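Below: protein_25.txt (compact mmCIF, C-alpha atoms)
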# COMPACT_ATOMS: atom_id res chain seq x y z
CA MET A 57 209.13 -116.79 51.90
CA THR A 58 208.18 -114.02 49.56
CA GLN A 59 208.74 -114.53 45.90
CA GLN A 60 210.58 -111.81 44.07
CA ALA A 61 208.27 -110.08 41.61
CA SER A 62 210.86 -109.98 38.86
CA VAL A 63 213.56 -112.50 37.99
CA ILE A 64 215.50 -109.76 36.22
CA THR A 65 218.15 -108.54 38.62
CA ASP A 66 219.98 -105.21 38.49
CA GLU A 67 223.12 -107.10 37.44
CA MET A 68 221.26 -108.70 34.53
CA ARG A 69 219.95 -105.29 33.45
CA ALA A 70 223.43 -103.84 33.69
CA ALA A 71 224.71 -106.60 31.40
CA ILE A 72 222.47 -105.53 28.50
CA GLY A 73 224.64 -104.23 25.69
CA ARG A 74 227.91 -105.50 27.16
CA GLU A 75 229.92 -107.41 24.57
CA SER A 76 231.49 -110.73 25.63
CA GLU A 77 235.04 -111.80 25.02
CA ALA A 78 235.45 -113.43 21.61
CA VAL A 79 234.85 -117.17 21.27
CA ALA A 80 236.56 -118.89 18.33
CA TYR A 81 234.41 -120.91 15.91
CA GLU A 82 236.13 -123.18 13.40
CA ILE A 83 234.67 -123.95 10.01
CA ASP A 84 236.12 -127.01 8.29
CA ASN A 85 235.10 -129.37 5.51
CA THR A 86 233.73 -132.02 7.86
CA GLY A 87 231.67 -129.48 9.78
CA CYS A 88 230.16 -128.05 6.58
CA ARG A 89 229.41 -131.52 5.23
CA GLN A 90 227.84 -132.74 8.44
CA PHE A 91 225.67 -129.64 8.82
CA ALA A 92 224.60 -129.86 5.15
CA ARG A 93 223.82 -133.57 5.48
CA SER A 94 221.78 -133.00 8.64
CA ALA A 95 219.71 -130.31 6.88
CA GLY A 96 219.09 -132.63 3.90
CA TYR A 97 221.16 -130.81 1.27
CA THR A 98 222.04 -132.69 -1.91
CA ASP A 99 223.94 -129.81 -3.60
CA PRO A 100 227.52 -131.07 -4.14
CA VAL A 101 228.86 -127.59 -3.36
CA PHE A 102 228.62 -128.48 0.34
CA TYR A 103 230.38 -131.85 -0.01
CA ASP A 104 232.99 -131.65 -2.78
CA GLU A 105 235.77 -129.10 -2.36
CA GLY A 106 236.88 -129.25 -6.01
CA TYR A 107 233.33 -128.71 -7.19
CA ALA A 108 232.92 -125.77 -4.79
CA ARG A 109 236.10 -124.15 -6.14
CA SER A 110 234.95 -124.73 -9.72
CA LYS A 111 231.85 -122.69 -8.84
CA GLY A 112 233.91 -119.75 -7.60
CA HIS A 113 233.99 -120.47 -3.87
CA ARG A 114 237.21 -120.27 -1.81
CA GLY A 115 236.41 -123.75 -0.50
CA ILE A 116 233.32 -125.57 0.69
CA PRO A 117 230.89 -122.80 1.68
CA ALA A 118 229.22 -122.91 5.06
CA PRO A 119 225.55 -123.81 4.55
CA PRO A 120 223.11 -121.05 5.63
CA GLY A 121 222.87 -121.09 9.42
CA PHE A 122 226.24 -122.78 9.93
CA LEU A 123 228.73 -120.49 11.62
CA GLY A 124 231.14 -123.16 12.79
CA HIS A 125 231.68 -125.07 15.99
CA PRO A 126 233.37 -123.72 19.11
CA ILE A 127 236.69 -125.47 19.73
CA PHE A 128 236.00 -128.23 22.23
CA ASN A 129 238.75 -129.02 24.69
CA PRO A 130 237.83 -130.52 28.06
CA ALA A 131 241.13 -129.27 29.49
CA ARG A 132 240.10 -125.72 28.68
CA PRO A 133 236.35 -125.33 29.18
CA ALA A 134 234.83 -122.72 26.91
CA ARG A 135 233.97 -119.46 28.61
CA ILE A 136 230.32 -119.17 27.72
CA PRO A 137 229.23 -115.54 27.24
CA GLU A 138 227.20 -114.29 30.21
CA ALA A 139 224.24 -113.67 27.89
CA PHE A 140 223.88 -117.48 27.69
CA ARG A 141 224.32 -118.28 31.39
CA LEU A 142 221.98 -115.94 33.23
CA ASP A 143 221.33 -116.76 36.86
CA VAL A 144 217.58 -117.35 36.68
CA PRO A 145 215.28 -119.71 38.63
CA PHE A 146 214.30 -121.64 35.49
CA LYS A 147 215.54 -125.04 34.42
CA ARG A 148 213.96 -125.23 31.01
CA ILE A 149 214.75 -123.41 27.83
CA LEU A 150 213.14 -123.13 24.41
CA ASN A 151 214.44 -121.48 21.28
CA GLY A 152 212.15 -118.58 20.34
CA GLY A 153 213.68 -117.50 17.08
CA THR A 154 216.80 -117.11 14.96
CA ASP A 155 217.86 -114.39 12.54
CA VAL A 156 221.13 -114.83 10.65
CA GLU A 157 222.23 -111.98 8.43
CA TYR A 158 225.30 -112.35 6.18
CA PHE A 159 227.63 -109.57 5.10
CA ASP A 160 230.21 -111.72 3.33
CA ASP A 161 230.88 -115.34 2.35
CA VAL A 162 231.75 -117.88 5.03
CA CYS A 163 233.83 -120.85 3.88
CA SER A 164 235.65 -123.89 5.17
CA GLY A 165 239.05 -122.80 6.46
CA ASP A 166 237.66 -119.69 8.15
CA THR A 167 237.90 -119.14 11.87
CA LEU A 168 235.31 -116.77 13.20
CA ALA A 169 235.61 -114.70 16.38
CA ALA A 170 232.15 -114.45 17.92
CA THR A 171 231.20 -111.83 20.47
CA THR A 172 227.79 -111.93 22.11
CA LYS A 173 225.74 -109.40 23.98
CA LEU A 174 222.38 -109.37 25.65
CA THR A 175 220.11 -106.96 23.81
CA ASP A 176 216.86 -107.28 25.78
CA LEU A 177 215.18 -109.06 28.69
CA THR A 178 211.41 -109.26 29.11
CA GLU A 179 209.18 -111.25 31.41
CA ARG A 180 205.84 -112.72 30.44
CA GLU A 181 203.19 -115.01 31.87
CA GLY A 182 202.87 -117.93 29.49
CA ARG A 183 200.92 -121.17 29.35
CA MET A 184 203.66 -122.82 31.36
CA GLY A 185 203.93 -120.06 33.99
CA LYS A 186 206.35 -117.19 34.18
CA MET A 187 208.90 -116.97 31.42
CA LEU A 188 211.86 -114.81 30.63
CA ILE A 189 212.53 -113.82 27.03
CA VAL A 190 216.22 -113.32 26.40
CA GLN A 191 217.35 -111.54 23.24
CA THR A 192 220.97 -111.87 22.20
CA GLU A 193 223.10 -110.69 19.34
CA THR A 194 226.28 -112.43 18.24
CA THR A 195 228.68 -110.81 15.79
CA TYR A 196 231.01 -113.09 13.81
CA ARG A 197 234.26 -111.66 12.46
CA ASN A 198 236.54 -113.66 10.19
CA GLN A 199 240.33 -114.00 10.31
CA ALA A 200 240.62 -110.75 8.29
CA GLY A 201 238.60 -108.91 10.93
CA GLN A 202 235.57 -108.46 8.67
CA THR A 203 232.10 -108.84 10.13
CA VAL A 204 230.67 -111.69 8.08
CA ALA A 205 227.46 -112.43 9.97
CA ILE A 206 225.23 -111.32 12.80
CA MET A 207 222.98 -113.82 14.55
CA ARG A 208 220.08 -112.53 16.61
CA GLY A 209 218.56 -115.10 18.89
CA THR A 210 215.60 -115.35 21.21
CA ALA A 211 215.68 -117.79 24.10
CA ILE A 212 212.68 -118.54 26.30
CA ARG A 213 213.56 -119.56 29.87
CA TYR A 214 210.70 -121.01 31.91
CA MET B 1023 219.41 -126.86 -10.94
CA ALA B 1024 218.13 -124.12 -13.18
CA GLN B 1025 219.39 -120.62 -12.42
CA VAL B 1026 216.80 -118.01 -11.47
CA TYR B 1027 217.60 -114.43 -12.52
CA PHE B 1028 216.63 -111.21 -10.76
CA GLU B 1029 214.74 -109.91 -13.81
CA ASP B 1030 212.49 -112.95 -13.91
CA VAL B 1031 211.32 -112.75 -10.30
CA LYS B 1032 207.86 -111.33 -9.66
CA GLU B 1033 206.30 -110.08 -6.46
CA GLY B 1034 203.80 -112.60 -5.16
CA GLN B 1035 205.61 -115.49 -6.83
CA GLU B 1036 205.78 -118.71 -4.83
CA ILE B 1037 209.09 -120.52 -4.74
CA PRO B 1038 209.34 -124.33 -4.88
CA ALA B 1039 208.60 -125.92 -1.51
CA VAL B 1040 211.06 -128.14 0.36
CA THR B 1041 209.69 -131.03 2.43
CA GLN B 1042 211.83 -132.74 5.05
CA ASN B 1043 210.64 -135.64 7.17
CA CYS B 1044 212.03 -135.20 10.68
CA ASP B 1045 212.32 -138.67 12.14
CA SER B 1046 214.47 -139.42 15.19
CA GLN B 1047 217.49 -140.23 13.01
CA ARG B 1048 217.20 -136.79 11.39
CA LEU B 1049 217.11 -135.15 14.82
CA VAL B 1050 220.21 -137.08 15.92
CA LEU B 1051 221.97 -136.13 12.68
CA TRP B 1052 221.06 -132.53 13.39
CA ALA B 1053 222.26 -132.73 16.99
CA ALA B 1054 225.67 -133.80 15.68
CA GLY B 1055 225.68 -131.36 12.75
CA SER B 1056 224.73 -128.38 14.88
CA GLY B 1057 226.32 -129.32 18.19
CA ASP B 1058 222.98 -128.96 20.02
CA TYR B 1059 222.71 -132.04 22.24
CA TYR B 1060 219.70 -130.96 24.33
CA GLN B 1061 217.85 -134.21 25.12
CA ILE B 1062 214.32 -132.94 24.41
CA HIS B 1063 215.11 -133.59 20.75
CA TYR B 1064 216.06 -137.28 20.92
CA ASP B 1065 215.23 -138.69 24.38
CA LYS B 1066 211.49 -139.29 24.72
CA ASP B 1067 211.57 -139.84 28.49
CA PHE B 1068 213.57 -136.65 28.96
CA ALA B 1069 211.23 -134.65 26.68
CA GLN B 1070 208.15 -135.90 28.53
CA ALA B 1071 209.72 -135.14 31.92
CA THR B 1072 209.93 -131.49 30.87
CA GLY B 1073 206.20 -131.49 30.03
CA LEU B 1074 206.43 -131.99 26.28
CA PRO B 1075 204.22 -134.64 24.63
CA ASP B 1076 207.19 -136.10 22.73
CA ARG B 1077 210.54 -135.20 21.21
CA ILE B 1078 210.40 -131.98 19.22
CA VAL B 1079 212.20 -130.79 16.11
CA HIS B 1080 215.04 -128.37 16.90
CA GLY B 1081 214.08 -124.79 16.11
CA ALA B 1082 217.48 -124.29 14.51
CA LEU B 1083 216.86 -127.27 12.19
CA LYS B 1084 213.75 -125.52 10.90
CA HIS B 1085 215.86 -122.38 10.45
CA ALA B 1086 218.40 -124.41 8.48
CA LEU B 1087 215.65 -125.98 6.35
CA LEU B 1088 214.38 -122.48 5.52
CA GLY B 1089 217.97 -121.64 4.57
CA ARG B 1090 217.97 -124.70 2.30
CA LEU B 1091 214.66 -123.58 0.75
CA LEU B 1092 216.31 -120.26 -0.19
CA HIS B 1093 219.60 -121.84 -1.30
CA GLU B 1094 217.88 -124.32 -3.60
CA TRP B 1095 215.79 -121.56 -5.16
CA ALA B 1096 218.66 -119.06 -5.52
CA GLY B 1097 220.74 -121.51 -7.57
CA GLU B 1098 224.50 -121.75 -7.78
CA GLN B 1099 224.97 -118.07 -8.63
CA GLY B 1100 222.59 -116.87 -5.94
CA ARG B 1101 223.50 -116.20 -2.32
CA VAL B 1102 221.42 -116.43 0.82
CA ARG B 1103 221.84 -113.12 2.65
CA ARG B 1104 219.43 -113.46 5.54
CA VAL B 1105 217.26 -116.13 7.15
CA ALA B 1106 215.07 -115.10 10.07
CA CYS B 1107 212.28 -117.04 11.73
CA GLN B 1108 210.29 -117.39 14.92
CA TYR B 1109 209.49 -120.74 16.48
CA ARG B 1110 205.79 -120.17 17.20
CA GLY B 1111 204.64 -123.76 17.14
CA MET B 1112 206.41 -126.97 18.04
CA ASP B 1113 206.84 -129.74 15.51
CA ALA B 1114 206.83 -133.25 16.91
CA VAL B 1115 209.23 -135.96 15.78
CA ASN B 1116 208.33 -138.28 12.85
CA ARG B 1117 206.44 -135.72 10.80
CA ASP B 1118 207.11 -133.68 7.69
CA VAL B 1119 208.29 -130.09 7.95
CA ILE B 1120 207.20 -128.30 4.78
CA CYS B 1121 209.13 -125.12 3.90
CA LYS B 1122 207.51 -122.52 1.66
CA GLY B 1123 208.20 -119.00 0.47
CA VAL B 1124 206.63 -116.10 -1.40
CA VAL B 1125 208.43 -113.13 -2.99
CA LYS B 1126 207.50 -109.90 -1.20
CA GLY B 1127 209.71 -107.45 -3.06
CA LYS B 1128 212.85 -106.71 -5.07
CA ARG B 1129 215.49 -104.03 -4.58
CA GLN B 1130 218.98 -103.10 -5.73
CA GLU B 1131 221.47 -102.16 -3.03
CA ASP B 1132 225.23 -101.61 -3.39
CA SER B 1133 225.08 -103.23 -6.86
CA ALA B 1134 223.43 -106.37 -5.42
CA ASN B 1135 220.09 -107.60 -6.72
CA LEU B 1136 218.14 -108.47 -3.60
CA VAL B 1137 214.86 -110.32 -3.26
CA ASP B 1138 212.84 -110.17 -0.02
CA LEU B 1139 210.72 -113.17 0.79
CA GLU B 1140 208.20 -114.27 3.34
CA ILE B 1141 209.16 -117.79 4.36
CA TRP B 1142 207.68 -120.29 6.77
CA THR B 1143 207.37 -123.92 7.73
CA GLU B 1144 204.09 -125.79 7.82
CA ASP B 1145 203.12 -129.01 9.52
CA PRO B 1146 201.22 -131.69 7.53
CA GLU B 1147 197.89 -130.10 8.57
CA GLY B 1148 198.96 -126.78 7.05
CA ASN B 1149 199.59 -124.92 10.33
CA LYS B 1150 202.39 -122.38 9.99
CA THR B 1151 204.67 -123.23 12.88
CA THR B 1152 207.70 -121.14 11.92
CA PRO B 1153 207.04 -117.80 10.18
CA GLY B 1154 209.97 -115.79 8.94
CA THR B 1155 211.62 -113.64 6.33
CA GLY B 1156 214.50 -114.19 3.95
CA VAL B 1157 216.76 -112.16 1.68
CA VAL B 1158 218.51 -113.63 -1.35
CA ALA B 1159 220.96 -112.01 -3.80
CA LEU B 1160 220.42 -113.13 -7.40
CA PRO B 1161 222.44 -112.73 -10.58
CA SER B 1162 221.25 -110.41 -13.33
CA ARG B 1163 220.80 -111.39 -16.97
CA GLY B 1164 222.98 -108.30 -17.47

Let's see the structure in the file written out as structure tokens.
Amino acid sequence: MTQQASVITDEMRAAIGRESEAVAYEIDNTGCRQFARSAGYTDPVFYDEGYARSKGHRGIPAPPGFLGHPIFNPARPARIPEAFRLDVPFKRILNGGTDVEYFDDVCSGDTLAATTKLTDLTEREGRMGKMLIVQTETTYRNQAGQTVAIMRGTAIRY
Amino acid sequence: MAQVYFEDVKEGQEIPAVTQNCDSQRLVLWAAGSGDYYQIHYDKDFAQATGLPDRIVHGALKHALLGRLLHEWAGEQGRVRRVACQYRGMDAVNRDVICKGVVKGKRQEDSANLVDLEIWTEDPEGNKTTPGTGVVALPSRG
């Protein structure tokens, strides 16, 4: 059996730049608190809603990096954007990098609509054999339709 | 925490470091906080079966710790505008992740006072495992 030289198929190439359907991400007090706690924050702004409001926030702000959780419902499995479910002959995945840029405040009570697209695919020979570097960009829009954040991610499949 | 003002920031200035020990409980907390339940971060057998020496710290946790570094420096009137980093080196469980930053420049854009920083995480031996950049908006003394 001959091995294909490239794991990047024509379909995968054609998907570059194609925006996914929107996935809803909810931001609530518990989510903000749990994320803040797990990152070791002690600032009460992430735990105490009254304190957050007294400091001029609409509610508990989302800690940097927290853009909510997708709504989990086993009866309605989330449709994962194709950028995150490429058909590649690799089982393992590593996170290569994260870039979160904010354009407005993100607070508890917001629901963000996230659309994701593949922005680049490159293959490399690494220490652990062939690997595929997958670049994605996710745009988060709030309930008012404003773009509040863009997350650029790099995944390494190997 | 004391408020830092745009006027007082100087290029080349180091910001106060943040050190977080990442034991297995921290990684489980993070799995729940982030929703990333990949087993290489809390199941030693699973991690080793994929070829890793042990459980590793989530890349996104290091990103969040760099966000915390910027938040704690920016103070209550400051805002974190951007946190970007690359996961160049793995950090094993049960060690400190030390977050550091240096001011690279200042600029005013759309009436915001922005500070650009080089940020990174170090392991206890001083190896930079997660280099990155950050942008923070600071208040002005006016």

**Request:** For range 124-126 of chain A, please output as number ranges by chain all residues within 10 Å (counting all atoms listed in the file; exclusion window: fewer than 5 positions along the same chain).
**Result:** A: 79-84, 87-88, 91, 118-119, 134, 162-164, 166-170; B: 1055-1057

Emit the selected residues as a compact mmCIF listing (two decimals), in the coordinates of the input, including C-alpha atoms.
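Result written to result_23.txt:
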# COMPACT_ATOMS: atom_id res chain seq x y z
CA VAL A 79 234.85 -117.17 21.27
CA ALA A 80 236.56 -118.89 18.33
CA TYR A 81 234.41 -120.91 15.91
CA GLU A 82 236.13 -123.18 13.40
CA ILE A 83 234.67 -123.95 10.01
CA ASP A 84 236.12 -127.01 8.29
CA GLY A 87 231.67 -129.48 9.78
CA CYS A 88 230.16 -128.05 6.58
CA PHE A 91 225.67 -129.64 8.82
CA ALA A 118 229.22 -122.91 5.06
CA PRO A 119 225.55 -123.81 4.55
CA ALA A 134 234.83 -122.72 26.91
CA VAL A 162 231.75 -117.88 5.03
CA CYS A 163 233.83 -120.85 3.88
CA SER A 164 235.65 -123.89 5.17
CA ASP A 166 237.66 -119.69 8.15
CA THR A 167 237.90 -119.14 11.87
CA LEU A 168 235.31 -116.77 13.20
CA ALA A 169 235.61 -114.70 16.38
CA ALA A 170 232.15 -114.45 17.92
CA GLY B 1055 225.68 -131.36 12.75
CA SER B 1056 224.73 -128.38 14.88
CA GLY B 1057 226.32 -129.32 18.19

**Asked** What residues in chain A have any atom no more than 8 Å from chain B when counting all atoms listed in the file, and can you write them as a PyMOL selection string?
**Response** chain A and resi 87+90-97+111+119-122+125+148+151-159

**Request:** Quick one: everything within 12 Å of range 1025-1029 of chain B, counting only C-alpha atoms, minus sequence neighbours fewer than 2 positions away in the same chain. Send it as number ranges by chain.
**Result:** B: 1023, 1031-1033, 1037-1038, 1092-1101, 1125, 1127-1130, 1134-1138, 1158-1164

**Message:** Taking (208.7, -118.4, -0.1) as a centre in this file's frame and 7 Å as the limit, can you find every polymer residue with an atom that close, using all atoms listed in the file, and give them as a list in words?
**Reply:**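 Every polymer residue passing the test: Glu1036, Ile1037, Lys1122, Gly1123, Val1124, Val1125, Leu1139, Glu1140 and Ile1141 of chain B.
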
Write the residues of the preceding selection, restricted to C-alpha atoms, as a PDB file, in the frame of the given file.
ATOM      1  CA  GLU B1036     205.780-118.710  -4.830  1.00  0.00           C
ATOM      2  CA  ILE B1037     209.090-120.520  -4.740  1.00  0.00           C
ATOM      3  CA  LYS B1122     207.510-122.520   1.660  1.00  0.00           C
ATOM      4  CA  GLY B1123     208.200-119.000   0.470  1.00  0.00           C
ATOM      5  CA  VAL B1124     206.630-116.100  -1.400  1.00  0.00           C
ATOM      6  CA  VAL B1125     208.430-113.130  -2.990  1.00  0.00           C
ATOM      7  CA  LEU B1139     210.720-113.170   0.790  1.00  0.00           C
ATOM      8  CA  GLU B1140     208.200-114.270   3.340  1.00  0.00           C
ATOM      9  CA  ILE B1141     209.160-117.790   4.360  1.00  0.00           C
TER      10      ILE B1141
END

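Of note, CA of Tyr214 in chain A and CA of Lys173 in chain A are spaced 20.6 Å apart.
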
**Complete:** From CA of Ile64 in chain A to CA of Ala1069 in chain B the spacing works out at 27.0 Å

**Asked** Any idea what the distance is between CA of Ile72 in chain A and CA of Ile189 in chain A?
**Response**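 Interatomic distance here is 13.0 Å.
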
**Request:** Can you work out which one of B:His1063, B:Thr1151, B:Val1119, B:Asp1030 has the shortest atom-to-atom distance to Leu150 in chain A, counting all atoms listed in the file?
**Result:**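 The answer is B:His1063, which sits nearest to Leu150 in chain A.
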
**Asked** Which polymer residues have any atom within 8 Å of an atom of Asp160 in chain A, counting all atoms listed in the file, with same-chain residues fewer than 6 positions away left out, as a VMD selection string?
**Response** chain A and resid 203 to 205

**Residue among A:Glu77, A:Glu105, A:Glu138, A:Asp143 lying closest to Thr65 in chain A, counting only C-alpha atoms** =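 Going through A:Glu77, A:Glu105, A:Glu138, A:Asp143 one by one, the smallest distance to Thr65 in chain A is for A:Asp143.
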
**Request:** Could you give me, as a VMD selection string, the residues within 6 Å of range 102-104 of chain A, counting only C-alpha atoms and dropping anything in the same chain fewer than 2 positions from it?
**Result:** chain A and resid 89 100 106 to 107 116

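Using all atoms listed in the file for every distance, the candidate list A:Ile149, A:Met68, A:Val101, A:Ala108 yields A:Ile149 as the residue closest to Thr210 in chain A.
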